[in-house]
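Undergrad: Just dropping this structure here.
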Amino acid sequence: MTPAPGRERDYTLTEDLATHARAWLLRQKSLAPDRPVFMYFAPGAVHAPLQAPRSWIDRFRGRFDMGWDDYRRQVFERQKSLGVIPADAELTPRPPEIPAWASLDPDRRKLAARLMEVFAGFMAQADHEVGRVVDAFREVGQLDDTLIVFVAGDNGASLEGGLDGTDNIMEQVNGLQTPASDLVRHLEEIGGPLSNPHYPVGWAWAGNTPFQWGKRFGSHLGGTRDPMVISWPGHIRDAGRTRAHYQHVIDLFPTILEAAHISLPRTVNGVDQQIVDGTSFLDAIADPSAPEHHTQQYYEMHGNRSMYDRGWIAAQRSGLLPWPAPAAGQPAWELYDLTHDYSEAHDLAKVQPQELDRLKKEFDEVAGRNKVFPIDPRFGERAHPNPPPPGGRPFYTFYPGSTHLFDATAPATRNRTHTLTAYVDIPAGGADGVLVADGGVSSGYTLYIKDGRPSYTYNYFRREVTTVAAPERLPAGKARIDLHFEYEGGGEGKGATVTLSVDGREVGRAHLARTVPKIYSYDETFDVGEDTATAVGPYPAPFPFTGTIDRVEVRTIRP
């Protein structure tokens, strides 16, 4: 939950979640008093936007000035002392593609350290908020019979912040990078509601200690292995201990079904259900000596692939990196014996070629069965640079309440000429608010009425924010407001001329030197009648329209 610009405060992510958790829990127990309750927390990939109140970020000021190389070594020793990794585990070296901390200039170090402070504050607050929900279960006396599963991440720490990190991840997604020398001028703003930051790849690598690589690398443990914490006080007798069983996230579903004494449904509402590949590990939750049931698993992500079978794992990277880098060939397959090599520190491909060949064949068989082929290592390049409107339609009509349409489902307005038309009814006292908006504080556009005057703002990554406003207030009654966006063409992200009209009469015009080439936002949406989440324009979000919107029309022309 990000406060709107101009409304900064020491906000929390879940101000009322603990209260709702208590009410929900009591209702569940009243409906099924003999059945355990289940809660599943998954912070996700834990990537941008990394935001937190300043009070949380300040707790970590200066804590990461040592850099990611030293930090990784410290984490490794702490992992061993806590017993969360084997005593004989080895720390894998930094890949040459990731710069050494000592090689960074002072500005890049300052920026990187600040971005990691923001991440730490973000995670610390998330941990605190989850704790409040757990406390709610304790307070109503139901914690012992509640199975809580906490998964920290989904693909390892995210390597998507680039070599230097950023205060606006959408710049990087669109192929832009603000120099560290510019970003250090406003370090204190990073992590606040007007930023959309992500840390550099070096911190992600350190976050995956002691493994190789990170998110997007389905080939190596740094991109597939995440911490999972399970609490079930009435059933776990050795609280605080670890389990060494090989498990996959697909095992959670059958485990919860078994704990609830529910059989796997063959049909749901008359629809035959697909095969569930996961295996329950309920016995391992209670008994560390329980046998291992999940013995084989394939992985593939962006061409990075691996095959696990009873302690052995074969791995191959695509050769592509999640940040801009010179093209390189695809590396050879690697082979690791996880039974004796916890962190994949020793490649045995040349020592055990027959074992490697066996696993490669297994991958082909299992991947083929699961529709993995053909393998495509590309990421953003998979999408058309100028996607047509969904369904190929050039014309759309939206009505009030049409909100939260993500980028792939909203009309495509980038790199093309288009027109936004709003039919409104202004009451006698006037009306303000958003008519239609797409994106947010990172980038986007918005057509709105402020102080009675129709206006349009185009946000080019906060680098260039252009506003066109009518000189006069709208009178009471019905009105038609048009914004015509005339794209200059000649490639992606080129200039455009925007013309604002009221009832067919031009009331404002501006030229945009550059426009957003690929995507406005991954986490903000297309909205009619308000601007949900952060504000694209100079108003307090969500800024709902106080008049009446009859409809909003969007017309696009293919580039």
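Ordering of the structure tokens sets the chain letters (A, B, ...), residue numbers begin anew at 1 in every chain, and ligands are numbered from 1 in the order given.
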Would you list the contacts of A:Tyr456 as a PyMOL selection string, taking every protein, DNA or RNA residue within 12 Å and counting only C-alpha atoms, but skipping same-chain residues closer than 5 positions in sequence?
TA: chain A and resi 420-421+433-438+444-450+465-470+481-485+498-501+507-510+536-539
Undergrad: Determine, counting only C-alpha atoms, which protein, DNA and RNA residues have an atom within 12 Å of an atom of A:Leu257; residues of the same chain fewer than 3 positions away are not included. Present the result as a PDB file with N, CA, C and O atoms, in the first residue's frame.
TA:
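Output contents, as saved in out27.pdb:
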```
ATOM      1  N   ARG A  35     -11.390 -29.215  12.332  1.00  0.00           N
ATOM      2  CA  ARG A  35     -10.467 -29.198  11.191  1.00  0.00           C
ATOM      3  C   ARG A  35      -9.388 -28.148  11.407  1.00  0.00           C
ATOM      4  O   ARG A  35      -9.684 -27.030  11.814  1.00  0.00           O
ATOM      5  N   PRO A  36      -8.117 -28.480  11.147  1.00  0.00           N
ATOM      6  CA  PRO A  36      -7.058 -27.488  11.319  1.00  0.00           C
ATOM      7  C   PRO A  36      -7.203 -26.336  10.339  1.00  0.00           C
ATOM      8  O   PRO A  36      -7.808 -26.469   9.274  1.00  0.00           O
ATOM      9  N   VAL A  37      -6.658 -25.187  10.726  1.00  0.00           N
ATOM     10  CA  VAL A  37      -6.684 -23.999   9.875  1.00  0.00           C
ATOM     11  C   VAL A  37      -5.343 -23.874   9.175  1.00  0.00           C
ATOM     12  O   VAL A  37      -4.299 -24.218   9.740  1.00  0.00           O
ATOM     13  N   PHE A  38      -5.335 -23.398   7.941  1.00  0.00           N
ATOM     14  CA  PHE A  38      -4.105 -23.291   7.165  1.00  0.00           C
ATOM     15  C   PHE A  38      -3.880 -21.846   6.747  1.00  0.00           C
ATOM     16  O   PHE A  38      -4.807 -21.156   6.345  1.00  0.00           O
ATOM     17  N   LEU A 147      -1.719 -24.621  10.779  1.00  0.00           N
ATOM     18  CA  LEU A 147      -0.537 -24.917   9.972  1.00  0.00           C
ATOM     19  C   LEU A 147      -0.187 -23.671   9.158  1.00  0.00           C
ATOM     20  O   LEU A 147      -0.962 -23.230   8.311  1.00  0.00           O
ATOM     21  N   ASP A 251       4.531 -29.604  -3.928  1.00  0.00           N
ATOM     22  CA  ASP A 251       4.216 -30.550  -2.856  1.00  0.00           C
ATOM     23  C   ASP A 251       3.296 -29.954  -1.793  1.00  0.00           C
ATOM     24  O   ASP A 251       2.739 -30.687  -0.969  1.00  0.00           O
ATOM     25  N   LEU A 252       3.142 -28.641  -1.774  1.00  0.00           N
ATOM     26  CA  LEU A 252       2.327 -28.010  -0.735  1.00  0.00           C
ATOM     27  C   LEU A 252       0.849 -28.409  -0.850  1.00  0.00           C
ATOM     28  O   LEU A 252       0.185 -28.666   0.160  1.00  0.00           O
ATOM     29  N   PHE A 253       0.342 -28.448  -2.052  1.00  0.00           N
ATOM     30  CA  PHE A 253      -1.073 -28.764  -2.238  1.00  0.00           C
ATOM     31  C   PHE A 253      -1.428 -30.142  -1.682  1.00  0.00           C
ATOM     32  O   PHE A 253      -2.335 -30.266  -0.838  1.00  0.00           O
ATOM     33  N   PRO A 254      -0.752 -31.217  -2.091  1.00  0.00           N
ATOM     34  CA  PRO A 254      -1.103 -32.527  -1.529  1.00  0.00           C
ATOM     35  C   PRO A 254      -0.823 -32.637  -0.033  1.00  0.00           C
ATOM     36  O   PRO A 254      -1.502 -33.385   0.672  1.00  0.00           O
ATOM     37  N   ALA A 260      -5.596 -31.981   6.097  1.00  0.00           N
ATOM     38  CA  ALA A 260      -7.018 -31.699   6.309  1.00  0.00           C
ATOM     39  C   ALA A 260      -7.889 -32.935   6.137  1.00  0.00           C
ATOM     40  O   ALA A 260      -9.122 -32.835   6.246  1.00  0.00           O
ATOM     41  N   HIS A 261      -7.250 -34.100   5.839  1.00  0.00           N
ATOM     42  CA  HIS A 261      -7.986 -35.352   5.634  1.00  0.00           C
ATOM     43  C   HIS A 261      -8.980 -35.224   4.486  1.00  0.00           C
ATOM     44  O   HIS A 261     -10.124 -35.669   4.571  1.00  0.00           O
ATOM     45  N   ILE A 262      -8.505 -34.576   3.406  1.00  0.00           N
ATOM     46  CA  ILE A 262      -9.332 -34.386   2.213  1.00  0.00           C
ATOM     47  C   ILE A 262      -8.685 -35.159   1.060  1.00  0.00           C
ATOM     48  O   ILE A 262      -7.490 -35.022   0.798  1.00  0.00           O
ATOM     49  N   SER A 263      -9.470 -35.954   0.374  1.00  0.00           N
ATOM     50  CA  SER A 263      -8.958 -36.706  -0.769  1.00  0.00           C
ATOM     51  C   SER A 263      -8.791 -35.779  -1.970  1.00  0.00           C
ATOM     52  O   SER A 263      -9.522 -34.795  -2.126  1.00  0.00           O
ATOM     53  N   LEU A 264      -7.837 -36.120  -2.809  1.00  0.00           N
ATOM     54  CA  LEU A 264      -7.612 -35.340  -4.020  1.00  0.00           C
ATOM     55  C   LEU A 264      -8.833 -35.454  -4.930  1.00  0.00           C
ATOM     56  O   LEU A 264      -9.227 -36.549  -5.308  1.00  0.00           O
ATOM     57  N   PRO A 265      -9.476 -34.347  -5.277  1.00  0.00           N
ATOM     58  CA  PRO A 265     -10.694 -34.432  -6.100  1.00  0.00           C
ATOM     59  C   PRO A 265     -10.372 -34.842  -7.533  1.00  0.00           C
ATOM     60  O   PRO A 265      -9.421 -34.352  -8.135  1.00  0.00           O
ATOM     61  N   VAL A 276      -1.969 -34.160 -10.519  1.00  0.00           N
ATOM     62  CA  VAL A 276      -1.175 -33.414  -9.545  1.00  0.00           C
ATOM     63  C   VAL A 276       0.157 -34.139  -9.367  1.00  0.00           C
ATOM     64  O   VAL A 276       0.198 -35.292  -8.935  1.00  0.00           O
ATOM     65  N   GLY A 278       2.747 -33.195  -7.432  1.00  0.00           N
ATOM     66  CA  GLY A 278       3.377 -33.064  -6.126  1.00  0.00           C
ATOM     67  C   GLY A 278       3.130 -34.269  -5.232  1.00  0.00           C
ATOM     68  O   GLY A 278       2.205 -35.060  -5.438  1.00  0.00           O
ATOM     69  N   THR A 279       3.969 -34.401  -4.213  1.00  0.00           N
ATOM     70  CA  THR A 279       3.849 -35.479  -3.236  1.00  0.00           C
ATOM     71  C   THR A 279       3.814 -34.882  -1.836  1.00  0.00           C
ATOM     72  O   THR A 279       4.567 -33.961  -1.520  1.00  0.00           O
ATOM     73  N   SER A 280       2.950 -35.412  -0.985  1.00  0.00           N
ATOM     74  CA  SER A 280       2.812 -34.890   0.375  1.00  0.00           C
ATOM     75  C   SER A 280       4.077 -35.139   1.191  1.00  0.00           C
ATOM     76  O   SER A 280       4.693 -36.205   1.108  1.00  0.00           O
ATOM     77  N   PHE A 281       4.455 -34.145   1.986  1.00  0.00           N
ATOM     78  CA  PHE A 281       5.568 -34.310   2.920  1.00  0.00           C
ATOM     79  C   PHE A 281       5.089 -34.115   4.358  1.00  0.00           C
ATOM     80  O   PHE A 281       5.842 -33.693   5.222  1.00  0.00           O
ATOM     81  N   LEU A 282       3.820 -34.437   4.603  1.00  0.00           N
ATOM     82  CA  LEU A 282       3.255 -34.261   5.930  1.00  0.00           C
ATOM     83  C   LEU A 282       4.027 -35.053   6.974  1.00  0.00           C
ATOM     84  O   LEU A 282       4.244 -34.569   8.093  1.00  0.00           O
TER      85      LEU A 282
END
```
Undergrad: Which residue, A:Thr92, A:Gln79, A:Asn196, A:Thr515, has the smallest gap to A:Gly491 when you use only C-alpha atoms?
TA: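 Residue with the minimum atom-to-atom distance to A:Gly491: A:Thr515.
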Undergrad: Using only C-alpha atoms, which residues sit within 9 Å of A:His245 once same-chain residues fewer than 6 positions away are excluded, as a list in words?
TA: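 Residues near the query, excluding close chain neighbours: Phe281, Ala284, Pro288, Ala290, Pro291, Glu292, His293 and His294 of chain A.
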Undergrad: So how far away is atom CA of A:Ser81 from atom CA of A:Pro210, in Å?
TA: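 About the pair atom CA of A:Pro210 and atom CA of A:Ser81: they are 13.8 Å apart.
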Undergrad: Among stretch 74-309 of chain A, which ones does DSSP assign to helix (DSSP H, G or I) (computed from the backbone)? Answer as a VMD selection string.
TA: chain A and resid 74 to 82 101 to 103 106 to 139 143 to 145 169 to 173 180 to 189 201 to 207 221 to 223 249 to 259 282 to 286
Undergrad: Go through A:Asp58, A:Glu524, A:Arg473, A:Pro517 and flag the residue nearest A:Ala412, using only C-alpha atoms for the distances.
TA: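 When distances to A:Ala412 are compared using only C-alpha atoms, the smallest one comes from A:Pro517.
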Undergrad: Can you pull out the residues contacting A:Arg555? Cut-off 7 Å, using only C-alpha atoms, and skip same-chain residues under 2 positions away; I want them as a list in words.
TA: Pro394, Phe395, Tyr396, His418, Thr419, Leu420, Glu553 and Ile557 of chain A
Undergrad: May I have the selected residues written with N, CA and C atoms, as an mmCIF file, in the first residue's frame?
TA:
```
data_model
loop_
_atom_site.group_PDB
_atom_site.id
_atom_site.type_symbol
_atom_site.label_atom_id
_atom_site.label_comp_id
_atom_site.auth_asym_id
_atom_site.auth_seq_id
_atom_site.Cartn_x
_atom_site.Cartn_y
_atom_site.Cartn_z
ATOM 1 N N PRO A 394 -9.333 -2.072 -32.719
ATOM 2 C CA PRO A 394 -8.822 -0.696 -32.634
ATOM 3 C C PRO A 394 -9.712 0.238 -31.822
ATOM 4 N N PHE A 395 -10.883 -0.240 -31.380
ATOM 5 C CA PHE A 395 -11.833 0.651 -30.713
ATOM 6 C C PHE A 395 -12.412 -0.025 -29.472
ATOM 7 N N TYR A 396 -12.461 0.725 -28.366
ATOM 8 C CA TYR A 396 -12.991 0.198 -27.114
ATOM 9 C C TYR A 396 -13.891 1.225 -26.452
ATOM 10 N N HIS A 418 -3.422 7.568 -31.170
ATOM 11 C CA HIS A 418 -4.649 7.127 -30.516
ATOM 12 C C HIS A 418 -5.430 8.332 -29.999
ATOM 13 N N THR A 419 -6.683 8.096 -29.676
ATOM 14 C CA THR A 419 -7.551 9.149 -29.148
ATOM 15 C C THR A 419 -8.311 8.627 -27.942
ATOM 16 N N LEU A 420 -8.337 9.433 -26.878
ATOM 17 C CA LEU A 420 -9.134 9.145 -25.690
ATOM 18 C C LEU A 420 -10.304 10.112 -25.684
ATOM 19 N N GLU A 553 -14.127 6.284 -24.505
ATOM 20 C CA GLU A 553 -13.805 5.545 -25.727
ATOM 21 C C GLU A 553 -12.315 5.673 -26.020
ATOM 22 N N ILE A 557 -4.660 3.433 -33.681
ATOM 23 C CA ILE A 557 -4.273 3.190 -35.070
ATOM 24 C C ILE A 557 -2.997 2.367 -35.052
#
```
Undergrad: With distances taken over only C-alpha atoms, which residue among A:Tyr460, A:Ala239, A:Arg378, A:Thr556 lies nearest A:Arg514?
TA: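 Under the stated criterion, the closest residue is A:Tyr460.
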Undergrad: At a cut-off of 10 Å, using only C-alpha atoms, what residues contact A:Glu97? Leave out same-chain residues fewer than 4 positions from it and give the result as a VMD selection string.
TA: chain A and resid 163 201 to 202 321 325
Undergrad: Residues near A:Tyr336, anyone? I mean within 6 Å using only C-alpha atoms, not counting same-chain ones fewer than 4 positions away, as a compact mmCIF listing (two decimals) with C-alpha atoms, in the first residue's frame.
TA:
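Result file is around_21.txt:
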```txt
# COMPACT_ATOMS: atom_id res chain seq x y z
CA TRP A 312 22.05 -35.72 -8.65
CA ILE A 313 21.32 -32.60 -10.66
CA GLU A 344 26.85 -26.96 -6.25
CA ASP A 347 31.07 -29.62 -11.36
CA LEU A 348 31.40 -33.38 -12.04
```
